[in-house]
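Novice: If it helps, the file is called coords.tsv and holds TSV, C-alpha atoms and all ligand atoms:
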chain	number	residue	atom	x	y	z
A	7	THR	CA	0.00	0.00	0.00
A	8	LYS	CA	3.04	2.28	0.19
A	9	LYS	CA	3.75	5.02	-2.32
A	10	ILE	CA	6.75	5.00	-4.68
A	11	SER	CA	7.94	7.95	-6.78
A	12	ILE	CA	9.13	7.11	-10.29
A	13	CYS	CA	11.43	9.57	-12.09
A	14	GLY	CA	12.64	9.51	-15.70
A	15	ASP	CA	15.81	10.83	-17.33
A	16	THR	CA	17.84	13.29	-15.24
A	17	HIS	CA	20.82	13.60	-17.65
A	18	GLY	CA	23.29	15.45	-15.46
A	19	GLN	CA	20.82	18.17	-14.42
A	20	PHE	CA	21.86	18.06	-10.76
A	21	TYR	CA	20.06	21.23	-9.66
A	22	ASP	CA	16.79	19.93	-11.10
A	23	LEU	CA	17.37	16.63	-9.23
A	24	LEU	CA	17.73	18.59	-5.98
A	25	HIS	CA	14.52	20.44	-6.89
A	26	ILE	CA	12.70	17.08	-7.17
A	27	PHE	CA	13.85	16.27	-3.63
A	28	ASP	CA	12.67	19.73	-2.46
A	29	LEU	CA	9.23	19.20	-3.97
A	30	ASN	CA	8.77	15.51	-3.21
A	31	GLY	CA	10.95	14.92	-0.16
A	32	LEU	CA	14.35	13.27	0.27
A	33	PRO	CA	14.53	9.51	-0.32
A	34	SER	CA	13.90	7.45	2.83
A	35	PRO	CA	12.21	4.19	3.79
A	36	ALA	CA	8.95	6.18	4.03
A	37	ASN	CA	9.63	7.88	0.67
A	38	PRO	CA	10.97	5.31	-1.82
A	39	TYR	CA	12.11	6.25	-5.33
A	40	LEU	CA	12.85	4.56	-8.62
A	41	PHE	CA	15.05	6.45	-11.13
A	42	ASN	CA	14.55	5.07	-14.63
A	43	GLY	CA	17.99	5.46	-16.25
A	44	ASP	CA	19.90	8.15	-18.16
A	45	PHE	CA	21.36	9.76	-15.04
A	46	VAL	CA	24.44	10.97	-16.90
A	47	ASP	CA	25.52	12.64	-20.20
A	48	ARG	CA	24.43	15.92	-21.80
A	49	GLY	CA	24.05	17.89	-18.54
A	50	SER	CA	27.43	18.96	-17.15
A	51	PHE	CA	26.69	17.92	-13.55
A	52	SER	CA	26.50	14.20	-14.26
A	53	LEU	CA	29.10	13.37	-11.62
A	54	GLU	CA	27.04	15.16	-8.95
A	55	VAL	CA	23.87	13.36	-10.07
A	56	ILE	CA	25.38	9.88	-10.11
A	57	LEU	CA	27.22	10.23	-6.78
A	58	THR	CA	23.99	11.43	-5.15
A	59	LEU	CA	21.98	8.55	-6.60
A	60	PHE	CA	24.63	5.93	-5.74
A	61	GLY	CA	24.86	7.44	-2.23
A	62	TYR	CA	21.14	6.92	-1.69
A	63	LYS	CA	21.38	3.39	-3.12
A	64	LEU	CA	24.05	2.58	-0.51
A	65	LEU	CA	22.04	4.23	2.26
A	66	TYR	CA	18.67	2.65	1.41
A	67	PRO	CA	19.33	-0.41	-0.79
A	68	ASP	CA	15.82	-1.80	-0.25
A	69	CYS	CA	13.78	1.33	-0.98
A	70	PHE	CA	15.85	3.27	-3.52
A	71	PHE	CA	16.05	1.82	-7.04
A	72	LEU	CA	18.08	2.63	-10.14
A	73	LEU	CA	17.57	1.12	-13.60
A	74	ARG	CA	20.06	1.29	-16.45
A	75	GLY	CA	19.40	3.63	-19.39
A	76	ASN	CA	20.99	3.63	-22.83
A	77	HIS	CA	23.36	6.34	-21.50
A	78	GLU	CA	24.79	4.10	-18.79
A	79	THR	CA	27.04	2.67	-21.52
A	80	ASP	CA	30.59	3.31	-22.76
A	81	ASN	CA	29.61	4.34	-26.33
A	82	MET	CA	27.20	7.03	-25.17
A	83	ASN	CA	29.51	8.24	-22.39
A	84	GLN	CA	32.34	8.75	-24.88
A	85	MET	CA	30.19	10.97	-27.10
A	86	TYR	CA	27.83	12.81	-24.78
A	87	GLY	CA	30.05	14.05	-21.99
A	88	PHE	CA	30.17	11.71	-18.99
A	89	GLU	CA	33.60	10.24	-19.79
A	90	GLY	CA	35.03	13.71	-20.45
A	91	GLU	CA	33.46	15.07	-17.27
A	92	ILE	CA	34.90	12.28	-15.09
A	93	LYS	CA	38.35	12.65	-16.68
A	94	ALA	CA	38.16	16.41	-16.01
A	95	LYS	CA	36.93	16.10	-12.41
A	96	TYR	CA	38.74	12.82	-11.50
A	97	THR	CA	40.67	10.36	-13.66
A	98	ALA	CA	40.29	7.84	-16.48
A	99	GLN	CA	40.41	5.08	-13.87
A	100	MET	CA	37.45	6.63	-12.07
A	101	PHE	CA	35.47	6.52	-15.33
A	102	GLN	CA	36.32	2.81	-15.66
A	103	LEU	CA	34.88	2.22	-12.18
A	104	PHE	CA	31.61	3.94	-13.09
A	105	SER	CA	31.49	1.92	-16.32
A	106	GLU	CA	31.85	-1.32	-14.34
A	107	VAL	CA	29.09	-0.38	-11.91
A	108	PHE	CA	26.74	0.68	-14.74
A	109	GLN	CA	26.96	-2.86	-16.12
A	110	TRP	CA	25.38	-4.21	-12.93
A	111	LEU	CA	22.37	-1.89	-12.97
A	112	PRO	CA	19.09	-3.78	-13.46
A	113	LEU	CA	17.36	-3.42	-16.84
A	114	ALA	CA	13.76	-3.49	-15.63
A	115	GLN	CA	11.73	-3.55	-12.44
A	116	CYS	CA	8.29	-5.09	-11.87
A	117	ILE	CA	6.14	-3.31	-9.26
A	118	ASN	CA	3.61	-5.46	-7.37
A	119	GLY	CA	3.54	-7.90	-10.27
A	120	LYS	CA	1.49	-5.42	-12.32
A	121	VAL	CA	3.62	-2.53	-13.59
A	122	LEU	CA	6.81	-3.08	-15.56
A	123	VAL	CA	9.31	-0.21	-15.64
A	124	MET	CA	12.19	0.02	-18.11
A	125	HIS	CA	14.12	2.88	-19.74
A	126	GLY	CA	13.32	2.32	-23.44
A	127	GLY	CA	10.44	-0.07	-23.97
A	128	LEU	CA	9.21	-3.32	-25.47
A	129	PHE	CA	10.68	-5.77	-27.92
A	130	SER	CA	11.45	-6.31	-31.61
A	131	GLU	CA	9.72	-9.71	-31.40
A	132	ASP	CA	6.58	-11.02	-29.67
A	133	GLY	CA	6.69	-13.69	-26.99
A	134	VAL	CA	9.21	-12.19	-24.55
A	135	THR	CA	8.36	-13.18	-20.95
A	136	LEU	CA	9.37	-11.72	-17.60
A	137	ASP	CA	11.38	-14.89	-17.10
A	138	ASP	CA	13.33	-14.16	-20.29
A	139	LEU	CA	14.17	-10.74	-18.83
A	140	ARG	CA	15.36	-12.26	-15.55
A	141	LYS	CA	17.74	-14.50	-17.51
A	142	ILE	CA	19.50	-11.70	-19.41
A	143	GLU	CA	23.24	-11.60	-18.69
A	144	ARG	CA	23.39	-7.89	-17.99
A	145	ASN	CA	27.00	-7.45	-16.88
A	146	ARG	CA	28.21	-6.18	-20.26
A	147	GLN	CA	27.86	-3.40	-22.80
A	148	PRO	CA	24.50	-3.89	-24.52
A	149	PRO	CA	24.46	-5.74	-27.87
A	150	ASP	CA	23.09	-4.16	-31.10
A	151	SER	CA	19.86	-6.16	-31.02
A	152	GLY	CA	17.78	-8.45	-28.83
A	153	PRO	CA	15.84	-7.95	-25.58
A	154	MET	CA	18.64	-6.22	-23.64
A	155	CYS	CA	19.07	-3.68	-26.46
A	156	ASP	CA	15.29	-3.16	-26.78
A	157	LEU	CA	14.79	-2.53	-23.04
A	158	LEU	CA	17.31	0.32	-23.24
A	159	TRP	CA	16.50	1.75	-26.67
A	160	SER	CA	12.98	1.19	-28.09
A	161	ASP	CA	10.19	3.79	-28.34
A	162	PRO	CA	6.41	3.53	-28.62
A	163	GLN	CA	4.60	4.60	-31.81
A	164	PRO	CA	0.90	5.50	-32.29
A	165	GLN	CA	0.20	3.06	-35.14
A	166	ASN	CA	-0.11	-0.70	-34.68
A	167	GLY	CA	2.77	-3.02	-35.46
A	168	ARG	CA	6.46	-2.22	-35.41
A	169	SER	CA	8.68	0.03	-37.48
A	170	VAL	CA	12.33	0.93	-37.84
A	171	SER	CA	13.53	3.31	-35.11
A	172	LYS	CA	14.54	6.84	-36.04
A	173	ARG	CA	17.48	6.27	-33.64
A	174	GLY	CA	18.96	3.54	-35.84
A	175	VAL	CA	18.86	1.07	-32.91
A	176	SER	CA	16.07	-1.28	-31.76
A	177	CYS	CA	12.50	-0.52	-32.96
A	178	GLN	CA	9.28	1.39	-32.44
A	179	PHE	CA	6.33	-0.64	-31.10
A	180	GLY	CA	2.61	0.01	-31.45
A	181	PRO	CA	-0.36	-0.26	-29.07
A	182	ASP	CA	-1.14	-3.82	-30.25
A	183	VAL	CA	2.41	-4.91	-29.32
A	184	THR	CA	1.98	-3.40	-25.85
A	185	GLU	CA	-1.43	-5.04	-25.40
A	186	ARG	CA	-0.12	-8.51	-26.34
A	187	PHE	CA	2.91	-8.21	-24.07
A	188	LEU	CA	0.81	-7.09	-21.09
A	189	THR	CA	-1.79	-9.84	-21.59
A	190	GLU	CA	0.83	-12.57	-21.98
A	191	ASN	CA	2.64	-11.44	-18.84
A	192	LYS	CA	-0.47	-10.58	-16.76
A	193	LEU	CA	0.61	-6.95	-16.36
A	194	ASP	CA	-1.50	-3.74	-16.25
A	195	PHE	CA	0.82	-1.22	-17.95
A	196	ILE	CA	4.42	-0.20	-18.58
A	197	ILE	CA	6.28	2.94	-17.51
A	198	ARG	CA	9.25	4.01	-19.59
A	199	SER	CA	11.35	7.17	-20.12
A	200	HIS	CA	13.96	7.90	-22.85
A	201	GLU	CA	12.04	10.63	-24.75
A	202	VAL	CA	11.62	14.31	-23.85
A	203	LYS	CA	7.93	15.28	-23.61
A	204	PRO	CA	6.56	18.85	-23.43
A	205	GLU	CA	4.50	18.09	-20.29
A	206	GLY	CA	7.19	15.86	-18.71
A	207	TYR	CA	5.00	12.79	-19.17
A	208	GLU	CA	2.75	11.25	-21.80
A	209	VAL	CA	0.10	8.54	-21.61
A	210	THR	CA	-0.26	6.51	-24.83
A	211	HIS	CA	-1.41	3.07	-26.05
A	212	ASN	CA	-4.86	3.41	-24.40
A	213	GLY	CA	-3.26	4.17	-21.04
A	214	LYS	CA	-1.01	1.10	-21.20
A	215	CYS	CA	2.28	2.87	-22.01
A	216	ILE	CA	3.37	5.84	-19.90
A	217	THR	CA	6.47	7.96	-20.57
A	218	VAL	CA	8.06	9.95	-17.74
A	219	PHE	CA	10.96	12.39	-18.22
A	220	SER	CA	12.52	14.34	-15.34
A	221	ALA	CA	14.97	16.74	-17.02
A	222	PRO	CA	13.02	20.02	-17.37
A	223	ASN	CA	14.15	22.47	-20.07
A	224	TYR	CA	16.29	19.60	-21.37
A	225	CYS	CA	19.79	20.75	-22.38
A	226	ASP	CA	18.78	24.34	-21.46
A	227	GLN	CA	16.83	24.56	-24.71
A	228	MET	CA	13.75	22.34	-25.01
A	229	GLY	CA	11.37	24.37	-22.79
A	230	ASN	CA	9.73	21.14	-21.55
A	231	LYS	CA	8.39	20.45	-18.08
A	232	GLY	CA	9.79	17.61	-15.98
A	233	ALA	CA	7.54	15.11	-14.24
A	234	TYR	CA	7.53	12.26	-11.73
A	235	ILE	CA	4.86	9.66	-11.00
A	236	HIS	CA	3.42	8.48	-7.71
A	237	LEU	CA	2.23	4.88	-7.65
A	238	ARG	CA	0.44	3.54	-4.59
A	239	GLY	CA	0.42	-0.19	-3.96
A	240	SER	CA	-3.28	-0.12	-3.09
A	241	ASP	CA	-4.55	0.73	-6.59
A	242	LEU	CA	-1.45	1.38	-8.78
A	243	LYS	CA	-3.22	4.34	-10.37
A	244	PRO	CA	-0.50	6.74	-11.63
A	245	GLU	CA	-0.54	10.28	-10.24
A	246	PHE	CA	1.48	12.80	-12.24
A	247	HIS	CA	3.44	15.70	-10.77
A	248	GLN	CA	5.04	18.32	-13.01
A	249	PHE	CA	7.80	20.81	-12.33
A	250	THR	CA	9.88	23.40	-14.18
A	251	ALA	CA	13.62	23.97	-14.43
A	252	VAL	CA	15.64	25.80	-11.78
A	253	PRO	CA	18.81	27.85	-12.42
A	254	HIS	CA	22.20	26.15	-12.40
A	255	PRO	CA	25.80	27.40	-12.28
A	256	ASN	CA	27.05	28.72	-15.60
A	257	VAL	CA	28.41	25.51	-17.15
A	258	LYS	CA	26.55	24.71	-20.35
A	259	PRO	CA	25.20	21.27	-21.22
A	260	MET	CA	27.63	19.18	-23.31
A	261	ALA	CA	30.59	21.19	-21.95
A	262	TYR	CA	32.59	17.95	-21.57
A	263	ALA	CA	31.29	16.19	-24.70
A	264	ASN	CA	33.25	15.02	-27.70
A	265	SER	CA	33.90	18.12	-29.82
A	266	LEU	CA	32.11	16.65	-32.88
A	267	MET	CA	28.98	16.47	-30.75
A	268	GLN	CA	29.40	20.05	-29.58
A	269	MET	CA	29.42	21.17	-33.22
A	270	GLY	CA	25.83	20.04	-33.47
A	271	MET	CA	26.26	16.59	-34.98
A	272	MET	CA	23.77	15.08	-32.55
A	301	MN	MN	17.52	7.32	-23.17
In structure tokens, what does this structure look like?
Specialist:
Amino acid sequence: TKKISICGDTHGQFYDLLHIFDLNGLPSPANPYLFNGDFVDRGSFSLEVILTLFGYKLLYPDCFFLLRGNHETDNMNQMYGFEGEIKAKYTAQMFQLFSEVFQWLPLAQCINGKVLVMHGGLFSEDGVTLDDLRKIERNRQPPDSGPMCDLLWSDPQPQNGRSVSKRGVSCQFGPDVTERFLTENKLDFIIRSHEVKPEGYEVTHNGKCITVFSAPNYCDQMGNKGAYIHLRGSDLKPEFHQFTAVPHPNVKPMAYANSLMQMGMM
């Protein structure tokens, strides 16, 4: 019957993370949280975000949860700033340590047997079960295809069926795909993140696929709200809370990124 707060991408926006804690309370056994991946890259305070989140994981391992996003990977970290930021603030060895820990982050979390949370979304093929997900060998960099890749990378689409992803990785999945997956696995709905939304959240696929994104005014330029979700064990009805960006010290997003990326080749 307890409440849990579910947050989406934070992407190195440390001052907005602190604002979430101001609005919604610090993590504690009475105030559990799940952060749904993409803690680092793009924002230039990724170190501060990840140390805060890992600190809470150590403090409250049983009521503070972190899932891996597609940015908790070496390829993304090389291009979008986290590796550069850690080398600037610490050392290359320190980046290697973060990389190792990222490989152990879980890929999905099932809440009360009814709500499945993952960073990206559902799968390029039908028939994937929760048991298949439990069996994934996750201690590695994600492969280019298959369930591990899809969990980190896929996106929903409004039309039925599947199509090629605009990202060039994984796929887009329609409302019929979501419906079949939920029925086969006796689930109510999925919560995912991975895409900026103007209102900070979006409900699609007849209420069965919810996106939550917690980096307001993403990269100092998108003008979007951030959001987090409250789920209560008693009814699992999502309650949405929105917030706007707060000021941060004058270090621009992507300040530590690969210079090709800074030139706009994103
Ligand atoms: Mn993502």
Novice: When you count only C-alpha atoms, which of these residues is closest to Leu24 in chain A: A:Ser220, A:Phe70, A:Leu242, A:Lys141?
Specialist: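 Going through A:Ser220, A:Phe70, A:Leu242, A:Lys141 one by one, the smallest distance to Leu24 in chain A is for A:Ser220.
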Novice: Check every protein, DNA and RNA residue against ligand MN 301 (chain A), keep those with an atom at most 8 Å away (counting only C-alpha atoms and all ligand atoms), and present them as a tab-separated table (two decimals) with C-alpha atoms, in the frame of the given file.
Specialist:
chain	number	residue	atom	x	y	z
A	15	ASP	CA	15.81	10.83	-17.33
A	43	GLY	CA	17.99	5.46	-16.25
A	44	ASP	CA	19.90	8.15	-18.16
A	75	GLY	CA	19.40	3.63	-19.39
A	76	ASN	CA	20.99	3.63	-22.83
A	77	HIS	CA	23.36	6.34	-21.50
A	125	HIS	CA	14.12	2.88	-19.74
A	126	GLY	CA	13.32	2.32	-23.44
A	158	LEU	CA	17.31	0.32	-23.24
A	159	TRP	CA	16.50	1.75	-26.67
A	199	SER	CA	11.35	7.17	-20.12
A	200	HIS	CA	13.96	7.90	-22.85
A	201	GLU	CA	12.04	10.63	-24.75
Novice: Just how far from CA of Gln109 in chain A is CA of Ile92 in chain A, in Å to one decimal?
Specialist: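 Between CA of Ile92 in chain A and CA of Gln109 in chain A the gap is 17.1 Å.
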Novice: Which one is closest to Pro149 in chain A: A:Ala263, A:Asn81, A:Phe45, A:Thr217? Count all atoms listed in the file.
Specialist: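 The answer is A:Asn81, which sits nearest to Pro149 in chain A.
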Novice: So which residues fall inside 8 Å of (24.4, 11.0, -16.5) if we count all atoms listed in the file? Mind giving them as a list in words?
Specialist: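 The residues that fall inside the cut-off are Thr16, His17, Gly18, Asp44, Phe45, Val46, Asp47, Arg48, Gly49, Phe51, Ser52, Leu53, Val55, Ile56, His77, Glu78 and Phe88 of chain A.
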Novice: Could you tell me how far CA of Glu143 in chain A sits from CA of Lys192 in chain A, in Å to one decimal place?
Specialist: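 Going from CA of Lys192 in chain A over to CA of Glu143 in chain A covers 23.8 Å.
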Novice: When distances are computed from only C-alpha atoms, which of A:Cys13, A:Cys225, A:Leu237, A:Val134 shows the smallest separation from Thr189 in chain A?
Specialist: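 Ranking A:Cys13, A:Cys225, A:Leu237, A:Val134 by distance to Thr189 in chain A, first place goes to A:Val134.
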Novice: Write out as a tab-separated table (two decimals) with C-alpha atoms, in the coordinates of the input each polymer residue whose atoms come within 12 Å of Glu106 in chain A, counting all atoms listed in the file; drop sequence neighbours fewer than 2 positions from it.
Specialist:
chain	number	residue	atom	x	y	z
A	78	GLU	CA	24.79	4.10	-18.79
A	79	THR	CA	27.04	2.67	-21.52
A	80	ASP	CA	30.59	3.31	-22.76
A	99	GLN	CA	40.41	5.08	-13.87
A	100	MET	CA	37.45	6.63	-12.07
A	101	PHE	CA	35.47	6.52	-15.33
A	102	GLN	CA	36.32	2.81	-15.66
A	103	LEU	CA	34.88	2.22	-12.18
A	104	PHE	CA	31.61	3.94	-13.09
A	108	PHE	CA	26.74	0.68	-14.74
A	109	GLN	CA	26.96	-2.86	-16.12
A	110	TRP	CA	25.38	-4.21	-12.93
A	111	LEU	CA	22.37	-1.89	-12.97
A	144	ARG	CA	23.39	-7.89	-17.99
A	145	ASN	CA	27.00	-7.45	-16.88
A	146	ARG	CA	28.21	-6.18	-20.26
A	147	GLN	CA	27.86	-3.40	-22.80
Novice: Starting from the sparse input, extend range 183-194 of chain A to all heavy atoms and give the output as a PDB file, in the frame of the given file.
Specialist:
ATOM      1  N   VAL A 183       1.243  -4.202 -29.886  1.00  0.00           N
ATOM      2  CA  VAL A 183       2.410  -4.910 -29.320  1.00  0.00           C
ATOM      3  C   VAL A 183       2.368  -4.810 -27.796  1.00  0.00           C
ATOM      4  O   VAL A 183       2.585  -5.804 -27.079  1.00  0.00           O
ATOM      5  CB  VAL A 183       3.721  -4.291 -29.862  1.00  0.00           C
ATOM      6  CG1 VAL A 183       4.939  -4.890 -29.158  1.00  0.00           C
ATOM      7  CG2 VAL A 183       3.818  -4.475 -31.378  1.00  0.00           C
ATOM      8  N   THR A 184       2.061  -3.610 -27.306  1.00  0.00           N
ATOM      9  CA  THR A 184       1.980  -3.400 -25.850  1.00  0.00           C
ATOM     10  C   THR A 184       0.879  -4.272 -25.256  1.00  0.00           C
ATOM     11  O   THR A 184       1.094  -4.961 -24.244  1.00  0.00           O
ATOM     12  CB  THR A 184       1.712  -1.911 -25.554  1.00  0.00           C
ATOM     13  OG1 THR A 184       2.779  -1.144 -26.125  1.00  0.00           O
ATOM     14  CG2 THR A 184       1.630  -1.650 -24.067  1.00  0.00           C
ATOM     15  N   GLU A 185      -0.290  -4.258 -25.901  1.00  0.00           N
ATOM     16  CA  GLU A 185      -1.430  -5.040 -25.400  1.00  0.00           C
ATOM     17  C   GLU A 185      -1.087  -6.524 -25.303  1.00  0.00           C
ATOM     18  O   GLU A 185      -1.356  -7.169 -24.281  1.00  0.00           O
ATOM     19  CB  GLU A 185      -2.626  -4.815 -26.351  1.00  0.00           C
ATOM     20  CG  GLU A 185      -3.924  -5.431 -25.882  1.00  0.00           C
ATOM     21  CD  GLU A 185      -4.442  -4.795 -24.597  1.00  0.00           C
ATOM     22  OE1 GLU A 185      -4.560  -3.560 -24.556  1.00  0.00           O
ATOM     23  OE2 GLU A 185      -4.714  -5.539 -23.627  1.00  0.00           O
ATOM     24  N   ARG A 186      -0.474  -7.074 -26.351  1.00  0.00           N
ATOM     25  CA  ARG A 186      -0.120  -8.510 -26.340  1.00  0.00           C
ATOM     26  C   ARG A 186       0.886  -8.817 -25.233  1.00  0.00           C
ATOM     27  O   ARG A 186       0.748  -9.800 -24.509  1.00  0.00           O
ATOM     28  CB  ARG A 186       0.469  -8.927 -27.690  1.00  0.00           C
ATOM     29  CG  ARG A 186      -0.556  -9.184 -28.779  1.00  0.00           C
ATOM     30  CD  ARG A 186       0.037  -9.997 -29.943  1.00  0.00           C
ATOM     31  NE  ARG A 186       1.145  -9.325 -30.612  1.00  0.00           N
ATOM     32  CZ  ARG A 186       0.997  -8.395 -31.574  1.00  0.00           C
ATOM     33  NH1 ARG A 186      -0.206  -8.024 -31.971  1.00  0.00           N
ATOM     34  NH2 ARG A 186       2.050  -7.832 -32.146  1.00  0.00           N
ATOM     35  N   PHE A 187       1.894  -7.966 -25.102  1.00  0.00           N
ATOM     36  CA  PHE A 187       2.910  -8.210 -24.070  1.00  0.00           C
ATOM     37  C   PHE A 187       2.289  -8.195 -22.680  1.00  0.00           C
ATOM     38  O   PHE A 187       2.585  -9.055 -21.837  1.00  0.00           O
ATOM     39  CB  PHE A 187       4.022  -7.148 -24.170  1.00  0.00           C
ATOM     40  CG  PHE A 187       5.051  -7.259 -23.080  1.00  0.00           C
ATOM     41  CD1 PHE A 187       6.083  -8.186 -23.173  1.00  0.00           C
ATOM     42  CD2 PHE A 187       4.982  -6.454 -21.947  1.00  0.00           C
ATOM     43  CE1 PHE A 187       7.028  -8.310 -22.151  1.00  0.00           C
ATOM     44  CE2 PHE A 187       5.915  -6.571 -20.928  1.00  0.00           C
ATOM     45  CZ  PHE A 187       6.943  -7.504 -21.029  1.00  0.00           C
ATOM     46  N   LEU A 188       1.420  -7.215 -22.427  1.00  0.00           N
ATOM     47  CA  LEU A 188       0.810  -7.090 -21.090  1.00  0.00           C
ATOM     48  C   LEU A 188      -0.090  -8.289 -20.800  1.00  0.00           C
ATOM     49  O   LEU A 188      -0.053  -8.843 -19.697  1.00  0.00           O
ATOM     50  CB  LEU A 188       0.012  -5.788 -21.003  1.00  0.00           C
ATOM     51  CG  LEU A 188       0.838  -4.494 -21.080  1.00  0.00           C
ATOM     52  CD1 LEU A 188      -0.086  -3.280 -21.123  1.00  0.00           C
ATOM     53  CD2 LEU A 188       1.806  -4.380 -19.911  1.00  0.00           C
ATOM     54  N   THR A 189      -0.882  -8.694 -21.784  1.00  0.00           N
ATOM     55  CA  THR A 189      -1.790  -9.840 -21.590  1.00  0.00           C
ATOM     56  C   THR A 189      -0.980 -11.100 -21.307  1.00  0.00           C
ATOM     57  O   THR A 189      -1.265 -11.835 -20.360  1.00  0.00           O
ATOM     58  CB  THR A 189      -2.660 -10.042 -22.846  1.00  0.00           C
ATOM     59  OG1 THR A 189      -3.324  -8.804 -23.116  1.00  0.00           O
ATOM     60  CG2 THR A 189      -3.693 -11.134 -22.642  1.00  0.00           C
ATOM     61  N   GLU A 190       0.040 -11.347 -22.142  1.00  0.00           N
ATOM     62  CA  GLU A 190       0.830 -12.570 -21.980  1.00  0.00           C
ATOM     63  C   GLU A 190       1.556 -12.625 -20.643  1.00  0.00           C
ATOM     64  O   GLU A 190       1.824 -13.704 -20.119  1.00  0.00           O
ATOM     65  CB  GLU A 190       1.859 -12.687 -23.120  1.00  0.00           C
ATOM     66  CG  GLU A 190       1.230 -13.087 -24.452  1.00  0.00           C
ATOM     67  CD  GLU A 190       2.205 -12.964 -25.636  1.00  0.00           C
ATOM     68  OE1 GLU A 190       3.429 -12.804 -25.412  1.00  0.00           O
ATOM     69  OE2 GLU A 190       1.725 -13.012 -26.773  1.00  0.00           O
ATOM     70  N   ASN A 191       1.890 -11.474 -20.095  1.00  0.00           N
ATOM     71  CA  ASN A 191       2.640 -11.440 -18.840  1.00  0.00           C
ATOM     72  C   ASN A 191       1.802 -11.010 -17.646  1.00  0.00           C
ATOM     73  O   ASN A 191       2.345 -10.752 -16.566  1.00  0.00           O
ATOM     74  CB  ASN A 191       3.862 -10.527 -18.999  1.00  0.00           C
ATOM     75  CG  ASN A 191       4.943 -11.161 -19.860  1.00  0.00           C
ATOM     76  OD1 ASN A 191       5.602 -12.099 -19.438  1.00  0.00           O
ATOM     77  ND2 ASN A 191       5.085 -10.674 -21.095  1.00  0.00           N
ATOM     78  N   LYS A 192       0.469 -10.912 -17.844  1.00  0.00           N
ATOM     79  CA  LYS A 192      -0.470 -10.580 -16.760  1.00  0.00           C
ATOM     80  C   LYS A 192      -0.100  -9.270 -16.064  1.00  0.00           C
ATOM     81  O   LYS A 192      -0.095  -9.164 -14.836  1.00  0.00           O
ATOM     82  CB  LYS A 192      -0.557 -11.718 -15.748  1.00  0.00           C
ATOM     83  CG  LYS A 192      -1.008 -13.046 -16.359  1.00  0.00           C
ATOM     84  CD  LYS A 192      -1.223 -14.090 -15.264  1.00  0.00           C
ATOM     85  CE  LYS A 192      -1.853 -15.356 -15.803  1.00  0.00           C
ATOM     86  NZ  LYS A 192      -0.987 -16.063 -16.803  1.00  0.00           N
ATOM     87  N   LEU A 193       0.242  -8.270 -16.886  1.00  0.00           N
ATOM     88  CA  LEU A 193       0.610  -6.950 -16.360  1.00  0.00           C
ATOM     89  C   LEU A 193      -0.485  -5.944 -16.714  1.00  0.00           C
ATOM     90  O   LEU A 193      -1.275  -6.154 -17.639  1.00  0.00           O
ATOM     91  CB  LEU A 193       1.931  -6.493 -16.986  1.00  0.00           C
ATOM     92  CG  LEU A 193       3.183  -7.334 -16.665  1.00  0.00           C
ATOM     93  CD1 LEU A 193       4.312  -6.982 -17.629  1.00  0.00           C
ATOM     94  CD2 LEU A 193       3.622  -7.114 -15.219  1.00  0.00           C
ATOM     95  N   ASP A 194      -0.508  -4.801 -15.979  1.00  0.00           N
ATOM     96  CA  ASP A 194      -1.500  -3.740 -16.250  1.00  0.00           C
ATOM     97  C   ASP A 194      -0.973  -2.714 -17.254  1.00  0.00           C
ATOM     98  O   ASP A 194      -1.663  -2.307 -18.167  1.00  0.00           O
ATOM     99  CB  ASP A 194      -1.888  -3.012 -14.961  1.00  0.00           C
ATOM    100  CG  ASP A 194      -2.739  -3.891 -14.063  1.00  0.00           C
ATOM    101  OD1 ASP A 194      -3.204  -4.955 -14.537  1.00  0.00           O
ATOM    102  OD2 ASP A 194      -2.936  -3.535 -12.893  1.00  0.00           O
TER     103      ASP A 194
END
